[in-house]
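So the structure is just underneath, and the comments pick up after that.
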Amino acid sequence: MSQDAWLTAEVAGPKKASLITKPEIADAMIRRAKRPIFIVGSIAAEIDLEEKKLIDYIILMARRCSIQVVATANTNSEFLKRNFTPDAVMPAVDIGNRLTDPTWQGVDGKGPHDLAIFVGLPYQMAWTILSGLKNFAPNLKTISLDNVYQPNARWSFSNISVKNWIMNLEAILGNREA
Amino acid sequence: MSQDAWLTAEVAGPKKASLITKPEIADAMIRRAKRPIFIVGSIAAEIDLEEKKLIDYIILMARRCSIQVVATANTNSEFLKRNFTPDAVMPAVDIGNRLTDPTWQGVDGKGPHDLAIFVGLPYQMAWTILSGLKNFAPNLKTISLDNVYQPNARWSFSNISVKNWIMNLEAILGNREA
Amino acid sequence: MGTRDISIRIKEIETEIGQIKDIRFSVGRLAQETWDEPQGPTPFPSITALRDWDLTLLKRYKPFYLPFCDLCCLCTFGKCDLTGDKKGACGITMPAQQSRIVLLAACIGAATHTSHARELVTHLITEFGEDERLDPGGLNIKVEAPITRLVCGVKPETLGDLEQVLDYAEQQITSLLACTHTGQEGNPLDLESKVFHTGMIDHLSMEVADIAQVSAYHLPKADPDAPLIDIGFGTVDTTKPVILVIGHNVPPAVEIMDYMQENDLVGTIEVTGICCTGIDMTRYSQKAKIIGPISWQIRYVRSGIPDIIVVDEQCIRTDILDEARALQIPVIATSEKNCLGLPNRTGDRSDAIIDDLVSGRTDGAFILNPEMVGEIAVRTAMRMRPKHKKKKGSILSPDEAIEEAKRCTQCRECRRACPNDLHISDAMRAFGRNDPTMLAEIYDACVGCIKCEQACTQDIPIHSLIIIAAGEKLKNEAFRLRAGRGAIQDIEIRQVGGPIVLGEIPGIVAFVGCANYPGGGHELAEMAIEFANRRFIICTSGCAAMTIGMYRDEDGRSPYEIYPGNFEAGGMVNVGSCVSNAHISGAAVKIASIFARRNLRGNYEEIADYVYNRVGAVGVAWGAMSQKAASIAAGFWRLGIPVIVGPHGTKYRRMLLGRSDHDDDWYVNDARTGEQVYVGPVPEHLFIAVETKEEAMVMIAKLSMRPNDTSRGRALKLTHYIDLHRRLLGSMPTDIHRFVRLEADIPITMKEDIVAILKEKDWRETVIPDPTLIQKKEGSS
Amino acid sequence: MGTRDISIRIKEIETEIGQIKDIRFSVGRLAQETWDEPQGPTPFPSITALRDWDLTLLKRYKPFYLPFCDLCCLCTFGKCDLTGDKKGACGITMPAQQSRIVLLAACIGAATHTSHARELVTHLITEFGEDERLDPGGLNIKVEAPITRLVCGVKPETLGDLEQVLDYAEQQITSLLACTHTGQEGNPLDLESKVFHTGMIDHLSMEVADIAQVSAYHLPKADPDAPLIDIGFGTVDTTKPVILVIGHNVPPAVEIMDYMQENDLVGTIEVTGICCTGIDMTRYSQKAKIIGPISWQIRYVRSGIPDIIVVDEQCIRTDILDEARALQIPVIATSEKNCLGLPNRTGDRSDAIIDDLVSGRTDGAFILNPEMVGEIAVRTAMRMRPKHKKKKGSILSPDEAIEEAKRCTQCRECRRACPNDLHISDAMRAFGRNDPTMLAEIYDACVGCIKCEQACTQDIPIHSLIIIAAGEKLKNEAFRLRAGRGAIQDIEIRQVGGPIVLGEIPGIVAFVGCANYPGGGHELAEMAIEFANRRFIICTSGCAAMTIGMYRDEDGRSPYEIYPGNFEAGGMVNVGSCVSNAHISGAAVKIASIFARRNLRGNYEEIADYVYNRVGAVGVAWGAMSQKAASIAAGFWRLGIPVIVGPHGTKYRRMLLGRSDHDDDWYVNDARTGEQVYVGPVPEHLFIAVETKEEAMVMIAKLSMRPNDTSRGRALKLTHYIDLHRRLLGSMPTDIHRFVRLEADIPITMKEDIVAILKEKDWRETVIPDPTLIQKKEGSS
Ligand code: SF4
Ligand code: SF4
Ligand code: SF4
Ligand code: SF4
Ligand code: SF4
Ligand code: SF4
Ligand code: SF4
Ligand code: SF4
């Protein structure tokens with residue numbers, strides 16, 4: 001599996017995401033995190049993953065693992081439509097900026113987040129924001145759960161097929177149940 | 001094996017060298033080439049590979065596979081000391097430049113070279129010249145035989161140990177004998 | 001620079017010391033002494049003269065860095081790995097490096113406008129003389145050059161007077177650029193302050209360029225009723241010879257139209273334009289037509305419609321010659337800044353050049369004399385016309401296109417090259433099966449960059465296929481755009497000044513900048529319409545102005561046909577080309593000067609503080625792409641005007657974001673009482689990229705709030721904010737308590753909901769101050 | 001710009017129209033009419049005025065592109081993948097992108113010198129008045145400003161006259177920078193031509209800066225016997241208070257020395273300098289000392305010796321404040337271009353500032369008044385001295401250092417960060433075992449970039465350990481450097497002009513540029529000595545001048561003590577700081593003017609053609625690193641002077657290489673006969689990076705050949721070339737036949753060998769023409 005960026009030109013620098021080669025990796029990271037947070041972009045509600053949308057997986061994960069959720073842009077509406085109320089609504093760069101502040105007490109005011117899970121943002125926007133976090137939030141772990149390689153996350157899938165993606169998301173969910 | 005550049009910051013672009021994961025790859029490329037050429041830099045005579053120097057391997061290879069040799073800088077003296085006369089002596093960028101010219105008839109005037117084998121140049125100089133060839137000599141194949149990853153060659157070793165390097169060089173030589 | 005003088009040139013003079021030829025009197029401040037406004041503290045400010053002001057803003061709006069590369073490759077010590085807390089070989093840190101790149105981009109942008117202004121002014125002086133009076137708005141405008149007055153403390157009266165302003169701009173840009181050298185400025189905030197300075201200089205040069213051309217060429221002079229002109233592919237009469245001009249510097253296009261006028265050819269030839277030259281030539285002649293913004297270049301050239309292409313400078317595809325060559329369209333390059341490798345034919349006879357172009361003996365010519373270009377372009381177009389048989393056709397027939405599509409191997413390299421991640425490969429498969437709908441949909445969001453084609457492993461001419469699939473759409477591109485009106489009249493400022501400053505006109509929204517839209521241009525038009533309906537003042541310019549025009553409501557009217565061109569609530573004000581952007585910042589400045597009677601002259605900090613605290617202006621550069629966009633934005637920032645960009649805007653390396661949750665950041669000084677008063681995060685951000693048009697609209701409404709809003713004004717602005725948030729993002733915003741200062745600020749219709757929220761948030765009433773960020777110096781009261 | 005005038009300012013004048021204050025007469029060409037040289041074709045050339053000349057050169061020396069990145073990230077359409085034949089979203093190709101980056105770098109470089117010159121000239125005018133006469137060489141110099149005369153066609157006489165030259169430079173730089181904007185110039189060769197133009201402007205501004213400071217500060221005036229001054233760590237008396245100045249713009253350093261003079265402190269305080277300010281202040285006072293080039297910053301600061309650091313502009317480590325803070329050394333920033341984030345204290349009382357600095361209440365101060373800086377630096381140093389106890393010590397004791405080394409895990413990240421691939425990890429292991437030799441060896445080749453430290457996974461202060469391991473070497477750094485002499489005298493030119501043009505002085509070798517050496521500075525000294533011994537004229541400047549001085553022969557003499565400072569065969573001529581480089585190009589130009597009596601005035605092309613074909617000058621920038629180096633090189637290229645760089649120079653993105661095997665490329669016009677004559681590849685390359693000092697030396701000898709060489713000259717040059725090739729590369733060169741035109745060209749001592757080669761190569765005799773590349777225009781004869 002390769003560490004080639006999804007958009008060919010957005011190549012990885014010397015410091016680049018490790019590959020989530022199996023779902024257990026992501027699962028373990030989420031499990032180990034004390035205060036994980038989801039940053040869910042507007043595309044999450046557009047992507048079909050067979051019968052579900054990507055956002056539906058996120059809601060399941062957030063519920064099962066008690067992950068706080070920030071909805072960027074109009075993703076909020078999509079969550080609400082699904083009877084899920086995100087913990088915060090704010091622009092992606094705003095949450096990104098706050099995550100670089102070690103004194104920020106998180107969306108619920110209870111302490112800094114230690115893991116940020118990115119999903120559903122436009123590729124290049126996620127790329128740049130994750131670059132900000134890679135460089136300026138040394139204590140924060142980041143995962144991208146999109147099915148494309150995000151070099152600036154700490155962990156990311158490679159460019160994988162939708163089928164493979166679903167398998168992985170299901171596995172992450174399944175692991176929590178087991 | 002990774003495709004990380006030896007100098008950390010000289011990262012590979014979207015188009016980057018395939019890894020010579022086993023000596024047969026290099027061997028096959030050399031074997032298949034009609035008019036291969038060695039570009040041998042000044043460091044080739046400095047590098048100890050157990051009892052030999054790197055340049056000694058090059059002389060062996062050049063002899064056995066009838067590869068034309070360009071000595072850059074003062075590498076020529078080192079060749080001559082070893083009773084080997086390179087086919088040409090010229091600056092690395094000069095031979096690089098000529099290799100981008102599809103009408104150039106090669107160091108012996110008998111036709112364009114189809115494979116350039118780089119070895120023993122300062123890392124960044126090889127990096128930039130190979131970048132020139134990658135972009136502007138589409139019909140030329142390039143290999144780096146240094147023990148470091150050269151992203152701009154068509155084929156390169158990964159960053160490998162000296163031991164591994166010797167093994168590979170010996171194998172390439174051995175294969176020719178077999 | 002503070003002592004640069006107004007100069008008077010006398011060709012010949014007799015004195016006691018004899019006859020002297022070509023004498024120039026450069027009279028010290030004399031000319032300016034007819035201007036009774038006292039000089040402020042910072043005329044012709046040096047690069048750190050306004051540093052305190054910048055740092056005041058930057059304390060609120062700290063950069064959030066988004067490195068677009070982990071490396072620096074600016075010198076041969078590098079590349080350097082700057083990740084984490086590593087420094088480069090010169091000692092630079094990642095934050096400083098990002099600010100440095102922003103400064104470099106801003107310098108390129110400001111240099112571009114300044115050089116453009118210089119070339120234009122020099123040309124106009126040659127043509128009209130340096131004593132040609134500046135007259136950007138007739139009797140309707142007294143403050144002819146608000147930015148120049150503000151920044152330089154001078155009052156230009158003639159074309160010649162503009163030269164000293166450009167001298168200053170060039171000097172500043174040179175010094176600013178020097179700061180990016182290895183081992184110069186390395187403090188991130190000092191670099192940001194220099195970015196702001198660059199932006200200020202950029203607005204200065206833009207103003208110079210536009211008032212020069214408006215004055216000399218008699219473009220619409222601050223005219224709200226500037227004519228409606230044609231825009232779009234579909235407006236071109238392809239039975240006539242067609243000239244295409246692309247670029248930003250209008251003299252060659254003007255000469256084309258003058259030549260047609262002088263030779264009775266008006267109406268027999270179509271003169272069409274892309275980018276700002278398109279805009280500016282329709283300001284000169286309403287017969288000229290605009291094709292579209294920057295992204296229309298490939299599609300229009302490949303349509304085969306143009307018979308000749310004339311390019312000047314800026315935002316021109318660098319492969320225009322290759323594209324034109326493929327269709328045997330000759331190209332004339334007219335700017336020293338963009339020679340295209342063509343032979344310099346300026347010294348040759350027109351007939352010889354035309355023969356060479358028409359015969360195809362040469363791909364094109366480089367001609368530095370606009371008048372010659374005028375003649376040659378027209379005559380060549382007329383002779384090319386019969387030669388271009390397949391005028392309406394494209395390179396491929398529809399069947400050929402489908403055959404091409406069938407060759408697709410579904411490797412997806414095209415999509416991996418597409419900046420908007422458009423689903424090209426899927427669309428290609430469908431098109432191969434004779435279903436063009438998906439590909440035609442791609443047309444709407446496609447920015448015409450042809451990176452897909454470049455990447456295609458099968459060399460399929462993807463963009464051509466998109467155009468073919470979208471054929472009908474193209475033909476239907478026929479809209480009306482109000483020609484760029486130029487400046488805002490003093491009287492308009494007087495009328496809206498009060499309502500704006502009190503917040504009762506909810507804001508000025510400026511849609512500006514390039515066409516690198518994330519999801520198609522219609523989004524921009526939708527935003528403009530939304531806010532016009534909400535009685536904001538809408539200003540437009542450049543590519544954004546065109547894009548907004550390329551939209552129709554149910555009745556077939558473009559936004560410019562629906563809304564008036566006045567600078568008033570609900571107005572849709574196209575100021576003009578990119579350089580006309582200075583009229584938008586200029587309008588903000590004029591509110592302080594004309595409405596509030598603050599001194600402008602050399603008084604930057606006070607005026608910026610005024611604008612920042614009182615004028616609810618917001619810039620939106622939805623498709624911002626270029627270095628010019630970077631410097632234009634920076635000019636707005638220094639005036640305290642926030643700018644919103646689309647998602648691609650994160651590539652500008654950093655945002656300037658406020659922290660609404662940091663209460664301490666949002667105190668102002670109350671000029672009346674001298675006390676520090678919490679005013680809430682208004683405006684919350686100075687530079688922010690948002691993800692979708694919905695988010696953008698909510699952000700526009702939010703960023704239009706200002707500390708000086710009256711309760712009535714604030715209630716109105718809150719209504720828009722809450723309403724849009726509910727409608728577009730699906731819920732009440734959770735930060736309302738930060739924007740309500742007094743009970744009276746609460747919109748009546750939403751009172752109950754809001755009061756509940758305020759209670760929950762432990763809200764307490766505060767006061768509305770006379771807001772300023774400037775600490776009065778000791779001694780002054 | 002061609003009509004910019006000499007101006008005379010009159011403070012007050014009574015005329016019939018009344019009394020006018022502050023009047024400035026700008027008299028057209030009047031002042032210049034006292035200069036009887038006729039104006040040439042291109043005074044104040046626009047950015048394409050010399051395009052034909054550039055393209056003539058570029059036809060011979062085509063760019064060989066070495067992309068340093070596959071991508072472009074200059075606008076938000078990107079990043080764009082430009083590999084192979086892919087174009088960016090703006091249409092740009094990989095070759096054009098590389099040339100564009102070169103242009104950007106050159107613009108930064110030229111802007112830096114121009115802004116430097118502007119700041120300096122403005123300061124000197126404030127101090128000495130605009131009527132201060134320019135006097136760069138007393139009676140020995142009539143052609144006071146060869147580059148200015150050549151480029152601008154004006155003859156500056158006073159400081160004030162230099163302002164118009166800078167106006168022009170700033171205008172050109174602004175336009176050139178604009179060309180790098182997205183969608184501007186996209187033709188690679190046109191971009192290269194613009195690079196050349198930028199380089200020409202750079203030399204112009206350098207000349208302005210240096211003649212201004214030489215004149216106003218009375219620096220050595222073209223003095224071959226400029227004093228020998230101290231250079232090196234070991235020359236500093238650490239028992240005294242020590243001031244360190246770093247940078248390029250000398251006024252604050254001058255004021256430091258003036259303050260000491262006025263207060264009888266000379267001799268009680270050490271004033272030490274790094275980089276060009278170091279050089280320039282030793283031109284002002286021979287009591288001042290130079291520590292070393294740019295790469296000495298970290299090692300010197302970490303030695304703890306300086307009591308205060310004063311920085312001005314350019315090539316200063318951007319982390320200087322962090323490094324200084326670690327040793328509690330206060331820092332004064334003195335340039336608007338490099339504020340370091342420090343508070344502006346220009347308005348405060350000196351006493352208060354000194355108290356704050358000494359007490360450590362503040363890390364440093366930003367002070368824009370050089371005179372204030374002079375006082376504060378001196379007084380602070382005196383008060384800091386007792387506070388800095390461990391003056392001679394470093395941060396770590398030797399034992400502590402070894403403990404640090406033991407922590408090394410052999411991860412090799414340091415080596416992977418080191419630009420020179422130094423074997424740091426091996427050395428670290430040895431040092432951990434108490435063997436400092438390897439680490440001390442690294443010191444010799446280390447450029448002090450501390451990238452190793454940045455990368456170290458164990459946070460070992462690697463560079464400090466290197467310094468400790470090399471402790472004795474540092475202490476022994478005590479050498480003598482001839483202070484920068486400034487320009488070359490007219491009489492010197494007259495004496496060497498003939499021999500140079502005939503080839504009988506084998507060449508002028510200019511060692512210039514930064515200290516990014518691939519294998520240590522001694523290589524540079526060895527080269528300089530080799531060619532001085534071969535009776536070339538050696539010119540040095542900037543960091544290269546220092547590096548050459550930091551070398552001793554067996555008798556303990558530095559090259560400046562061995563060789564005379566005269567511009568003559570075997571001379572070792574330190575012209576001065578970076579801006580003094582203009583005297584090197586100026587000398588080449590003066591050969592054409594003074595010796596050959598060609599008109600200089602506004603006559604660039606003819607003079608460049610003269611220099612290119614006749615003056616065997618070669619620039620060597622062995623450690624070229626910066627953007628300034630790029631623009632300086634470009635200025636030499638346009639004059640036809642080839643430049644050799646070290647291996648890091650391939651990162652400048654492209655070479656300009658000739659093809660010796662393309663016979664057609666090497667014809668010149670014979671001005672006597674009008675015929676085309678083959679002259680061989682002389683000089684073979686215009687810009688080339690070589691790999692080792694041996695290769696460099698052979699290349700210098702080779703590139704010193706010119707078409708105009710007489711047989712005697714050519715035989716001499718060939719002797720050097722062949723001799724060096726044999727000695728350093730081990731064999732006879734195989735291209736001798738290309739350089740022998742007549743039998744008489746063959747060096748007698750090598751006759752047999754060469755004749756054999758010529759025979760083998762089918763050599764045929766040709767003629768020695770009166771060479772020129774300029775095609776005479778029809779009509780002229
Ligand atoms: S400018 Fe600084 S960070 Fe950039 S390559 Fe040069 S040394 Fe490295
Ligand atoms: S031309 Fe259109 S579809 Fe192709 S890459 Fe560009 S935006 Fe995407
Ligand atoms: S790059 Fe070309 S072949 Fe590949 S999917 Fe796209 S259109 Fe098809
Ligand atoms: S708006 Fe942007 S793309 Fe359009 S013309 Fe202006 S700078 Fe160019
Ligand atoms: S900054 Fe841009 S050009 Fe430089 S290495 Fe990074 S992506 Fe490449
Ligand atoms: S300048 Fe051109 S090549 Fe560079 S990122 Fe922008 S569009 Fe791409
Ligand atoms: S400081 Fe010296 S050893 Fe360390 S990386 Fe730089 S050159 Fe190499
Ligand atoms: S980086 Fe540090 S730990 Fe690693 S090898 Fe170098 S000195 Fe040792």
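Quick note on naming: the chains in the structure tokens go A, B, ... in the order shown, residues restart at 1 in each chain, and ligands are numbered from 1 in order of appearance.
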
_Set the distance at 9 Å and use only C-alpha atoms: which residues neighbour segment 58-67 of chain A once local chain neighbours fewer than 2 positions away are removed? I'd like the list as a VMD selection string._
chain A and resid 30 to 31 35 to 38 40 44 54 to 56 69 79 82 84 119 169 172 to 173 176 to 177

Each residue of chain B with at least one atom at most 7 Å from chain D should appear once, together with its nearest atom pair and the corresponding distance in Å (one decimal); atoms considered: only C-alpha atoms; ordering: chain, then increasing residue number; output as JSON lines.
```
{"residue": "B:Trp6", "atom": "CA", "partner": "D:Arg416", "partner_atom": "CA", "distance": 6.0}
{"residue": "B:Leu7", "atom": "CA", "partner": "D:Arg416", "partner_atom": "CA", "distance": 4.4}
{"residue": "B:Thr8", "atom": "CA", "partner": "D:Arg416", "partner_atom": "CA", "distance": 5.5}
{"residue": "B:Gly13", "atom": "CA", "partner": "D:Asp70", "partner_atom": "CA", "distance": 5.4}
{"residue": "B:Ala73", "atom": "CA", "partner": "D:Glu695", "partner_atom": "CA", "distance": 4.8}
{"residue": "B:Asn74", "atom": "CA", "partner": "D:Leu729", "partner_atom": "CA", "distance": 4.5}
{"residue": "B:Asn76", "atom": "CA", "partner": "D:Leu729", "partner_atom": "CA", "distance": 5.8}
{"residue": "B:Ser77", "atom": "CA", "partner": "D:Gly730", "partner_atom": "CA", "distance": 4.4}
{"residue": "B:Pro91", "atom": "CA", "partner": "D:Val690", "partner_atom": "CA", "distance": 6.2}
{"residue": "B:Asn97", "atom": "CA", "partner": "D:Phe64", "partner_atom": "CA", "distance": 5.8}
{"residue": "B:Met125", "atom": "CA", "partner": "D:Pro647", "partner_atom": "CA", "distance": 6.0}
{"residue": "B:Thr128", "atom": "CA", "partner": "D:Leu66", "partner_atom": "CA", "distance": 5.2}
{"residue": "B:Ile129", "atom": "CA", "partner": "D:Leu66", "partner_atom": "CA", "distance": 5.8}
{"residue": "B:Ser131", "atom": "CA", "partner": "D:Leu66", "partner_atom": "CA", "distance": 5.7}
{"residue": "B:Gly132", "atom": "CA", "partner": "D:Leu66", "partner_atom": "CA", "distance": 4.3}
{"residue": "B:Asn135", "atom": "CA", "partner": "D:Gly84", "partner_atom": "CA", "distance": 4.5}
{"residue": "B:Phe136", "atom": "CA", "partner": "D:Gly84", "partner_atom": "CA", "distance": 6.7}
```

How would the residues just chosen look if you wrote them out with N, CA and C atoms as a short mmCIF file (atom, residue, chain, number, x, y, z; two decimals), in the first residue's frame?
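Generated output (again_1.cif):
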```cif
data_model
loop_
_atom_site.label_atom_id
_atom_site.label_comp_id
_atom_site.auth_asym_id
_atom_site.auth_seq_id
_atom_site.Cartn_x
_atom_site.Cartn_y
_atom_site.Cartn_z
N TRP B 6 17.47 10.03 1.02
CA TRP B 6 18.53 9.93 2.02
C TRP B 6 18.67 11.24 2.79
N LEU B 7 18.80 12.34 2.10
CA LEU B 7 18.73 13.62 2.82
C LEU B 7 17.25 13.88 3.06
N THR B 8 16.90 13.93 4.32
CA THR B 8 15.49 13.94 4.71
C THR B 8 14.65 14.94 3.93
N GLY B 13 9.01 13.63 -5.39
CA GLY B 13 7.79 14.21 -5.93
C GLY B 13 6.82 13.11 -6.32
N ALA B 73 34.65 15.19 -12.83
CA ALA B 73 35.65 15.81 -11.95
C ALA B 73 36.92 14.97 -11.93
N ASN B 74 37.51 14.83 -10.76
CA ASN B 74 38.80 14.15 -10.68
C ASN B 74 38.68 12.64 -10.56
N ASN B 76 38.48 10.79 -12.85
CA ASN B 76 39.35 10.30 -13.93
C ASN B 76 40.70 9.81 -13.39
N SER B 77 41.31 10.60 -12.53
CA SER B 77 42.60 10.21 -11.97
C SER B 77 42.51 8.86 -11.27
N PRO B 91 32.21 17.43 -16.77
CA PRO B 91 31.44 17.75 -15.57
C PRO B 91 30.09 17.02 -15.58
N ASN B 97 23.32 17.33 -19.28
CA ASN B 97 22.75 18.15 -20.34
C ASN B 97 22.72 17.41 -21.68
N MET B 125 23.68 16.74 -5.81
CA MET B 125 24.01 16.98 -7.21
C MET B 125 23.40 15.88 -8.08
N THR B 128 19.59 16.54 -8.29
CA THR B 128 19.14 17.58 -9.21
C THR B 128 19.37 17.17 -10.66
N ILE B 129 20.51 16.54 -10.93
CA ILE B 129 20.76 16.14 -12.33
C ILE B 129 19.78 15.05 -12.74
N SER B 131 16.89 14.77 -11.62
CA SER B 131 15.62 15.47 -11.80
C SER B 131 15.55 16.05 -13.21
N GLY B 132 16.65 16.61 -13.65
CA GLY B 132 16.70 17.12 -15.02
C GLY B 132 16.42 16.03 -16.03
N ASN B 135 12.76 14.72 -16.04
CA ASN B 135 11.82 15.61 -16.70
C ASN B 135 12.11 15.84 -18.18
N PHE B 136 13.38 15.80 -18.54
CA PHE B 136 13.70 16.25 -19.89
C PHE B 136 14.39 15.21 -20.77
#
```

How many Å lie between atom CA of Arg118 of chain C and atom CA of Thr174 of chain C, rounded to one decimal?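 Atom-to-atom, atom CA of Arg118 of chain C and atom CA of Thr174 of chain C are spaced 14.7 Å apart.
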
So which residues touch Ala137 of chain A within 8 Å, counting only C-alpha atoms, skipping near sequence neighbours fewer than 5 positions away, as a CSV table (one decimal) with N, CA, C and O atoms, in the first residue's frame?
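Writing the result to part_6.csv gives the following:
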```
chain,number,residue,atom,x,y,z
A,99,LEU,N,-7.5,23.5,18.2
A,99,LEU,CA,-6.8,22.3,18.5
A,99,LEU,C,-5.2,22.5,18.7
A,99,LEU,O,-4.5,21.7,19.3
A,100,THR,N,-4.8,23.6,18.1
A,100,THR,CA,-3.3,23.9,18.2
A,100,THR,C,-3.1,24.6,19.6
A,100,THR,O,-1.9,24.9,19.9
A,101,ASP,N,-4.1,24.9,20.3
A,101,ASP,CA,-3.9,25.7,21.5
A,101,ASP,C,-4.0,24.7,22.7
A,101,ASP,O,-5.0,24.1,23.0
A,102,PRO,N,-2.8,24.4,23.3
A,102,PRO,CA,-2.8,23.4,24.3
A,102,PRO,C,-3.6,23.8,25.6
A,102,PRO,O,-3.9,22.9,26.4
A,132,GLY,N,-1.4,22.0,9.5
A,132,GLY,CA,-1.3,22.9,10.6
A,132,GLY,C,-1.2,22.1,11.9
A,132,GLY,O,-0.4,22.4,12.8
```

What residues of the protein or nucleic acid chains come within 8 Å of ligand 6 when you use only C-alpha atoms and all ligand atoms? Reply as JSON, numbers by chain.
{"C": [449, 625, 626], "D": [71, 72, 73, 74, 75, 76, 77, 78, 79, 80, 81, 82, 87, 88, 89, 90, 91, 92, 93, 97, 181, 182, 183]}

Check: Taking only C-alpha atoms into account, which residues of chain A are within 10 Å of chain B, as a list in words?
Finding: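 Going by the stated atoms only, the list reads Ser2, Gln3, Asp4, Ala5, Leu7, Thr8, Ala9, Glu10, Val11, Ala12, Gly13, Pro14 and Lys15 of chain A.
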